[in-house]
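Peer 1: Submitted below is the structure of interest, expressed as structure tokens.
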Amino acid sequence: MTARPEAVKGGPAIELRGISKAFGPVQANKDIDLIVPRGTIHGIIGENGAGKSTLMSILYGFYRPDSGEILIGGKPIAIQDSQTAIRAGIGMVFQHFKLVQNFSVLENIILGAEDGRLLRPSLSRARSELKRLASEYELQVDPDALIEDLSVGHQQRVEILKALYRQADILILDEPTGVLTPAEADHLFRILRGLRDEGKTIILITHKLREIMEITDNVSVMRRGEMVASVKTAETSPTELAELMVGRKVLLTVDKPPARAGAPVLEVRGLRMTDTDGIERLRGIDLDIRAGEIVGIAGVAGNGQTQLLEILGGYPEPGAKLDGEIRLRGEPLPLTGSDARARRHAGIGHVPEDRQVEGLIMDFAAWENVAFGYHDAPEFGQGMLMDQSAIRADAIRKMERFDVRPPNPELAAKSFSGGNQQKIVVAREVERNPDLLLIGQPTRGVDIGAIEFIHKRIVELRDAGKAVLLVSVELDEILALSDRIAVMFDGRIMGERLPDEATTADLGCLMAGIDPATTSPEDALPPADAHPGSHARGAE
Ligand SMILES: Nc1ncnc2c1ncn2[C@@H]1O[C@H](COP(=O)(O)OP(=O)(O)OP(=O)(O)O)[C@@H](O)[C@H]1O
């Protein structure tokens with residue numbers, strides 16, 4: 001049953017009628033109806049694999065629906081490809097940006113815009129148009145900067161500018177805040193509100209119910225390929241939305257007993273790292289993690305957390321200069337060279353921050369990815385005697401436990417939705433009960449039901465006496481899970497706090513490189529337009 005929201009402002013900008021789409025046996029979208037009134041922000045939520053990205057990809061011309069009809073501004077339209085969608089005034093900002101890394105901002109903006117709407121513009125006209133848009137929408141970015149030199153937040157600005165340059169009236173954003181700092185997310189929301197107020201229509205896919213409640217006018221809920229409800233945001237609540245999505249009650253907080261920390265599992269002393277560009281990414285890290293505790297590293301992305309996780313996981317950037325000491329259960333670990341496999345066998349599990357680059361081999365089957373790095377574990381036999389069916393059975397069990405959907409171990413990793421890919425990596429590392437779990441952005445792109453499960457498993461590991469190092473840009477996640485919080489800024493640990501005594505403001509200051517303990521209250525307050533992201537050393 002689909003309740004349709006009344007138009008909050010104006011008639012429908014988008015109307016989808018009976019859209020269906022299958023990928024082989026998987027029915028990704030089933031008979032979907034959706035109305036998005038003009039001049040509104042419309043949230044789309046649903047569990048991983050519910051069909052949100054597929055539906056938006058149909059609207060943007062990436063996929064053709066098997067059946068159904070699309071109306072834009074009340075007129076039926078056959079969206080054959082993205083060029084048709086762009087001509088119909090639709091812009092899309094993907095989770096993984098579609099920018100050419102070694103091109104400038106300006107080149108990226110005009111790339112592909114030379115169709116009928118905007119005849120090949122002169123570079124100087126394009127430059128002044130870009131300047132106008134950037135200042136009108138508070139999306140300042142250097143037109144001559146190369147994309148590869150921009151932080152993730154600024155790359156996203158370029159994507160939005162690109163859509164505006166192409167005169168988009170409808171903007172679709174797929175999990176736009178997953179890679180942003182809290183300040184960048186606030187800025188983005190200000191921009192989106194501004195766009196809405198001037199009559200543009202925005203569709204926002206997100207797993208964060210806080211964002212839905214804060215910024216949307218209406219919200220539609222998808223479950224297992226179907227549209228199960230569309231409601232006005234003001235008339236619903238996070239609890240109701242969570243239930244609609246998952247079909248059961250979901251715990252929105254983490255329930256955990258006090259930690260009983262034991263002997264140190266990981267000891268890091270004076271760890272320094274200089275990358276191949278000569279930039280010092282880690283400037284002397286001292287850190288202990290004991291058995292039975294979760295230490296959370298808070299910080300704006302790009303302040304050394306990635307390098308710390310990579311070094312501890314055994315694959316530092318090739319050619320980087322390392323110095324310092326790392327001990328696992330009192331034994332020194334070699335600093336140089338890549339020995340990720342040896343570390344896994346020594347009891348270090350590692351969920352890297354970027355699942356697509358470091359966590360998975362996208363063309364390999366799910367079961368191979370679940371075994372990845374552990375296929376030579378003693379229980380699976382050795383060499384010619386390697387027991388493939390045991391590896392497969394083990395993978396299937398882990399996929400079932402983490403509710404990976406669809407539960408088909410033969411599918412390539414790339415065929416799973418983003419959140420399900422993440423579940424595959426987390427299942428692989430957590431289910432081996434490592435003595436030390438290194439876990440980066442564990443719930444990025446993951447739905448609330450799966451977040452609840454992943455958080456529970458992390459706490460169970462801790463309660464079984466394991467040590468956990470959690471890196472997350474989500475302060476809520478750090479506060480909910482950590483027994484101790486260390487804040488990283490510019491390659492250093494700025495300070496440590498216990499979660500009970502930490503306030504968001506206090507942590508925010510440390511994340512911006514200000515220590516409230518040594519700064520007077522006025523000095524400690526970041527200026528109103530402070531942008532912790534600007535301290536970050538770029539996209540990682
Ligand atoms: N190109 C593809 N080939 C095969 N199956 C696909 C493909 N794209 C999506 N699917 C399947 O379609 C279903 C819906 O996926 P979709 O990416 O739309 O979900 P989603 O709601 O966006 O999930 P998430 O929140 O995890 O991003 C999933 O079961 C997915 O495995």
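In the structure tokens, chains take the letters A, B, ... in the order shown, each chain's residues start at 1, and ligands count up from 1 in the order shown.
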Could you pull out all residues of range 101-312 of chain A with a DSSP call of strand (DSSP E) and give them as a count of residues only?
Peer 2: 50
Peer 1: Which residues of chain A come within 8 Å of ligand 1, and for each one, what is the closest pair of atoms and their distance in Å to one decimal, counting only C-alpha atoms and all ligand atoms, sorted by chain and residue number, as a Markdown table?
Peer 2:
```
| residue | atom | partner | partner_atom_place_in_ligand_line | distance |
| --- | --- | --- | --- | --- |
| A:Ala22 | CA | ligand 1 | 12 (O) | 7.4 |
| A:Phe23 | CA | ligand 1 | 4 (C) | 4.9 |
| A:Gly24 | CA | ligand 1 | 4 (C) | 7.1 |
| A:Val26 | CA | ligand 1 | 29 (O) | 6.0 |
| A:Gln27 | CA | ligand 1 | 12 (O) | 6.8 |
| A:Ala28 | CA | ligand 1 | 12 (O) | 4.3 |
| A:Asn29 | CA | ligand 1 | 14 (C) | 7.3 |
| A:Ile45 | CA | ligand 1 | 21 (O) | 7.7 |
| A:Gly46 | CA | ligand 1 | 21 (O) | 6.0 |
| A:Glu47 | CA | ligand 1 | 25 (O) | 5.7 |
| A:Asn48 | CA | ligand 1 | 26 (O) | 3.3 |
| A:Gly49 | CA | ligand 1 | 19 (O) | 3.3 |
| A:Ala50 | CA | ligand 1 | 21 (O) | 3.8 |
| A:Gly51 | CA | ligand 1 | 18 (O) | 3.2 |
| A:Lys52 | CA | ligand 1 | 21 (O) | 3.8 |
| A:Ser53 | CA | ligand 1 | 22 (O) | 3.6 |
| A:Thr54 | CA | ligand 1 | 18 (O) | 3.7 |
| A:Leu55 | CA | ligand 1 | 18 (O) | 6.4 |
| A:Thr206 | CA | ligand 1 | 25 (O) | 7.9 |
| A:His207 | CA | ligand 1 | 25 (O) | 7.3 |
| A:Met222 | CA | ligand 1 | 21 (O) | 7.6 |
| A:Arg224 | CA | ligand 1 | 14 (C) | 7.9 |
| A:Gly225 | CA | ligand 1 | 14 (C) | 6.8 |
| A:Arg405 | CA | ligand 1 | 29 (O) | 6.0 |
| A:Pro406 | CA | ligand 1 | 29 (O) | 5.4 |
| A:Lys414 | CA | ligand 1 | 2 (C) | 7.6 |
| A:Ser415 | CA | ligand 1 | 4 (C) | 4.5 |
| A:Phe416 | CA | ligand 1 | 31 (O) | 3.9 |
| A:Ser417 | CA | ligand 1 | 17 (O) | 4.1 |
| A:Gly418 | CA | ligand 1 | 26 (O) | 4.2 |
| A:Gly419 | CA | ligand 1 | 26 (O) | 3.6 |
| A:Asn420 | CA | ligand 1 | 26 (O) | 5.6 |
| A:Gln421 | CA | ligand 1 | 26 (O) | 7.7 |
| A:Gly445 | CA | ligand 1 | 25 (O) | 6.2 |
| A:Val446 | CA | ligand 1 | 26 (O) | 6.4 |
| A:Asp447 | CA | ligand 1 | 25 (O) | 6.4 |
```
Peer 1: Can those selected residues be exported to a file as a compact mmCIF listing (two decimals), in the first residue's frame so that it contains N, CA and C atoms?
Peer 2:
```
# COMPACT_ATOMS: atom_id res chain seq x y z
N ALA A 22 14.11 -5.88 -12.70
CA ALA A 22 14.74 -7.09 -12.15
C ALA A 22 16.17 -7.20 -12.66
N PHE A 23 17.05 -7.73 -11.81
CA PHE A 23 18.38 -8.13 -12.25
C PHE A 23 18.40 -9.64 -12.11
N GLY A 24 18.24 -10.35 -13.21
CA GLY A 24 18.15 -11.81 -13.12
C GLY A 24 17.01 -12.16 -12.17
N VAL A 26 16.72 -11.30 -9.11
CA VAL A 26 16.48 -10.30 -8.05
C VAL A 26 15.53 -9.22 -8.55
N GLN A 27 14.38 -9.11 -7.88
CA GLN A 27 13.42 -8.07 -8.26
C GLN A 27 13.77 -6.83 -7.44
N ALA A 28 14.57 -5.94 -8.04
CA ALA A 28 15.10 -4.79 -7.29
C ALA A 28 14.01 -3.74 -7.04
N ASN A 29 13.12 -3.55 -7.99
CA ASN A 29 11.99 -2.62 -7.84
C ASN A 29 10.71 -3.32 -8.29
N ILE A 45 14.26 6.26 2.13
CA ILE A 45 15.01 5.42 3.06
C ILE A 45 14.63 3.97 2.84
N GLY A 46 15.44 3.08 3.38
CA GLY A 46 15.17 1.65 3.24
C GLY A 46 16.42 0.89 3.57
N GLU A 47 16.23 -0.39 3.89
CA GLU A 47 17.39 -1.22 4.24
C GLU A 47 18.33 -1.36 3.06
N ASN A 48 19.52 -1.86 3.33
CA ASN A 48 20.47 -2.14 2.26
C ASN A 48 19.84 -3.13 1.29
N GLY A 49 19.92 -2.79 0.01
CA GLY A 49 19.37 -3.69 -0.99
C GLY A 49 17.87 -3.50 -1.21
N ALA A 50 17.27 -2.50 -0.55
CA ALA A 50 15.82 -2.29 -0.69
C ALA A 50 15.44 -1.83 -2.09
N GLY A 51 16.40 -1.25 -2.82
CA GLY A 51 16.12 -0.85 -4.20
C GLY A 51 16.16 0.65 -4.45
N LYS A 52 16.70 1.42 -3.48
CA LYS A 52 16.71 2.88 -3.59
C LYS A 52 17.59 3.35 -4.75
N SER A 53 18.83 2.85 -4.78
CA SER A 53 19.75 3.31 -5.83
C SER A 53 19.25 2.88 -7.20
N THR A 54 18.67 1.70 -7.28
CA THR A 54 18.14 1.23 -8.57
C THR A 54 17.06 2.19 -9.06
N LEU A 55 16.16 2.56 -8.16
CA LEU A 55 15.06 3.45 -8.55
C LEU A 55 15.60 4.79 -9.03
N THR A 206 19.28 8.51 2.22
CA THR A 206 20.18 8.48 3.38
C THR A 206 19.75 7.36 4.33
N HIS A 207 20.74 6.89 5.12
CA HIS A 207 20.41 5.93 6.18
C HIS A 207 20.27 6.63 7.52
N MET A 222 11.24 2.32 1.47
CA MET A 222 11.26 1.13 0.62
C MET A 222 11.65 -0.08 1.45
N ARG A 224 12.52 -4.26 0.59
CA ARG A 224 12.62 -5.41 -0.32
C ARG A 224 12.01 -5.14 -1.68
N GLY A 225 12.38 -4.02 -2.28
CA GLY A 225 11.97 -3.71 -3.65
C GLY A 225 10.64 -3.01 -3.77
N ARG A 405 22.27 -9.66 1.80
CA ARG A 405 21.19 -9.88 0.84
C ARG A 405 21.63 -9.47 -0.56
N PRO A 406 21.31 -10.22 -1.63
CA PRO A 406 20.69 -11.54 -1.54
C PRO A 406 21.68 -12.56 -0.97
N LYS A 414 30.61 -6.96 -6.72
CA LYS A 414 30.11 -5.72 -7.32
C LYS A 414 28.59 -5.75 -7.54
N SER A 415 27.97 -6.92 -7.49
CA SER A 415 26.52 -6.99 -7.69
C SER A 415 25.73 -6.73 -6.42
N PHE A 416 26.43 -6.58 -5.29
CA PHE A 416 25.71 -6.30 -4.05
C PHE A 416 25.56 -4.80 -3.85
N SER A 417 24.52 -4.42 -3.13
CA SER A 417 24.36 -3.00 -2.82
C SER A 417 25.47 -2.60 -1.84
N GLY A 418 25.73 -1.29 -1.75
CA GLY A 418 26.84 -0.79 -0.94
C GLY A 418 26.84 -1.32 0.49
N GLY A 419 25.69 -1.28 1.13
CA GLY A 419 25.63 -1.70 2.53
C GLY A 419 25.90 -3.19 2.67
N ASN A 420 25.44 -3.97 1.70
CA ASN A 420 25.69 -5.41 1.77
C ASN A 420 27.15 -5.74 1.51
N GLN A 421 27.81 -4.94 0.68
CA GLN A 421 29.26 -5.12 0.49
C GLN A 421 29.97 -4.90 1.83
N GLY A 445 27.22 3.63 5.07
CA GLY A 445 26.31 3.13 4.04
C GLY A 445 25.46 1.94 4.49
N VAL A 446 25.49 1.66 5.80
CA VAL A 446 24.80 0.47 6.29
C VAL A 446 23.47 0.89 6.91
N ASP A 447 22.43 0.08 6.72
CA ASP A 447 21.12 0.48 7.24
C ASP A 447 21.01 0.26 8.76
```
Peer 1: Restricting the calculation to only C-alpha atoms: of A:Asp515, A:Asp363, A:Glu243, A:Asp197, which residue gets closest to Ile41 in chain A?
Peer 2: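 Closest to Ile41 in chain A of all the choices is A:Asp197.
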Peer 1: If we count only C-alpha atoms, what is near range 274-279 of chain A at a cut-off of 8 Å, once residues fewer than 4 positions away on the same chain are taken out, given as a PDB file with C-alpha atoms, in the first residue's frame?
Peer 2:
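Wrote part-v7.pdb, looks like this:
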```pdb
ATOM      1  CA  GLU A 317      51.674   3.079   1.727  1.00  0.00           C
ATOM      2  CA  GLY A 319      57.664   3.754  -0.037  1.00  0.00           C
ATOM      3  CA  ALA A 320      56.458   5.631   3.059  1.00  0.00           C
ATOM      4  CA  LYS A 321      59.008   6.309   5.831  1.00  0.00           C
ATOM      5  CA  LEU A 322      58.018   4.818   9.176  1.00  0.00           C
TER       6      LEU A 322
END
```
Peer 1: Pick out the residues sitting within 12 Å of Glu501 in chain A, and hand them over as a count of residues only; count only C-alpha atoms, and ignore anything fewer than 3 positions along from it in its own chain.
Peer 2: 11
Peer 1: Nearest to Asn303 in chain A among A:Ile86, A:Ile32, A:Ile72, A:Met511, with distances taken over only C-alpha atoms: which residue is it?
Peer 2: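 Looking at the shortest contact to Asn303 in chain A, the residue is A:Met511.
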Peer 1: Skipping near chain neighbours, those fewer than 2 positions away, what residues fall within 12 Å of Met56 in chain A using only C-alpha atoms, listed as a PyMOL selection string?
Peer 2: chain A and resi 14+16+19+21+28-29+32+34+43-44+51-54+58-65+70+79+82+85+90-94+170-175+202-205
Peer 1: Residues near range 457-468 of chain A, anyone? I mean within 7 Å using only C-alpha atoms, not counting same-chain ones fewer than 3 positions away, as a ChimeraX atom specification.
Peer 2: /A:256,265,289-295,433,435-438,453-454
Peer 1: Could you check which of A:Gly313, A:Gly68, A:Pro182, A:Gly440 is closest to Leu266 in chain A, using only C-alpha atoms?
Peer 2: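 For Leu266 in chain A, the nearest of the given residues is A:Gly313.
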Peer 1: Of the candidates A:Leu360, A:Val100, A:Leu195, A:Leu328, which shows the shortest atom-to-atom distance to Ala263 in chain A, using only C-alpha atoms?
Peer 2: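 Of the candidates, the smallest distance to Ala263 in chain A is held by A:Leu328.
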Peer 1: Contacts of Asp169 in chain A at 9 Å or less, counting only C-alpha atoms, minus same-chain residues fewer than 3 places along, as a PDB file with C-alpha atoms, in the first residue's frame?
Peer 2:
```pdb
ATOM      1  CA  ALA A  13       7.948  17.551 -10.148  1.00  0.00           C
ATOM      2  CA  ALA A  88      14.837  16.911 -18.506  1.00  0.00           C
ATOM      3  CA  GLY A  89      16.515  18.910 -15.733  1.00  0.00           C
ATOM      4  CA  ILE A  90      17.643  16.034 -13.519  1.00  0.00           C
ATOM      5  CA  GLY A  91      21.047  16.060 -11.813  1.00  0.00           C
ATOM      6  CA  ALA A 163      24.391  19.691 -11.875  1.00  0.00           C
ATOM      7  CA  LEU A 164      23.522  23.371 -11.364  1.00  0.00           C
ATOM      8  CA  GLY A 199      11.757  26.022  -6.168  1.00  0.00           C
ATOM      9  CA  LYS A 200      14.150  23.186  -6.930  1.00  0.00           C
ATOM     10  CA  THR A 201      13.176  19.649  -6.034  1.00  0.00           C
ATOM     11  CA  ILE A 202      15.573  17.476  -4.094  1.00  0.00           C
TER      12      ILE A 202
END
```
Peer 1: Between CA of Thr233 in chain A and CA of Ile215 in chain A, measure the distance and give it in Å to one decimal.
Peer 2: 8.9 Å
Peer 1: Please, what distance in Å, to one decimal, runs between CA of His345 in chain A and CA of Ala395 in chain A?
Peer 2: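 Computed distance, CA of His345 in chain A to CA of Ala395 in chain A, equals 17.8 Å.
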Peer 1: Restricting the calculation to only C-alpha atoms, which member of A:Gly39, A:Gly153, A:Gly373, A:Gly513 is positioned closest to Ile348 in chain A?
Peer 2: A:Gly373
Peer 1: Could you go through range 171-263 of chain A and tell me which residues DSSP, when run on the backbone, assigns to helix (DSSP H, G or I), listing them as a VMD selection string?
Peer 2: chain A and resid 182 to 197 209 to 215 233 to 235 238 to 246
Peer 1: Using only C-alpha atoms, pick whichever of A:Pro409, A:Gly491, A:Pro143, A:Gly262 has the shortest atom-to-atom distance to Ser128 in chain A.
Peer 2: A:Pro143
Peer 1: Which value, in Å to one decimal, gives the distance between CA of Lys398 in chain A and CA of Ile448 in chain A?
Peer 2: 19.2 Å
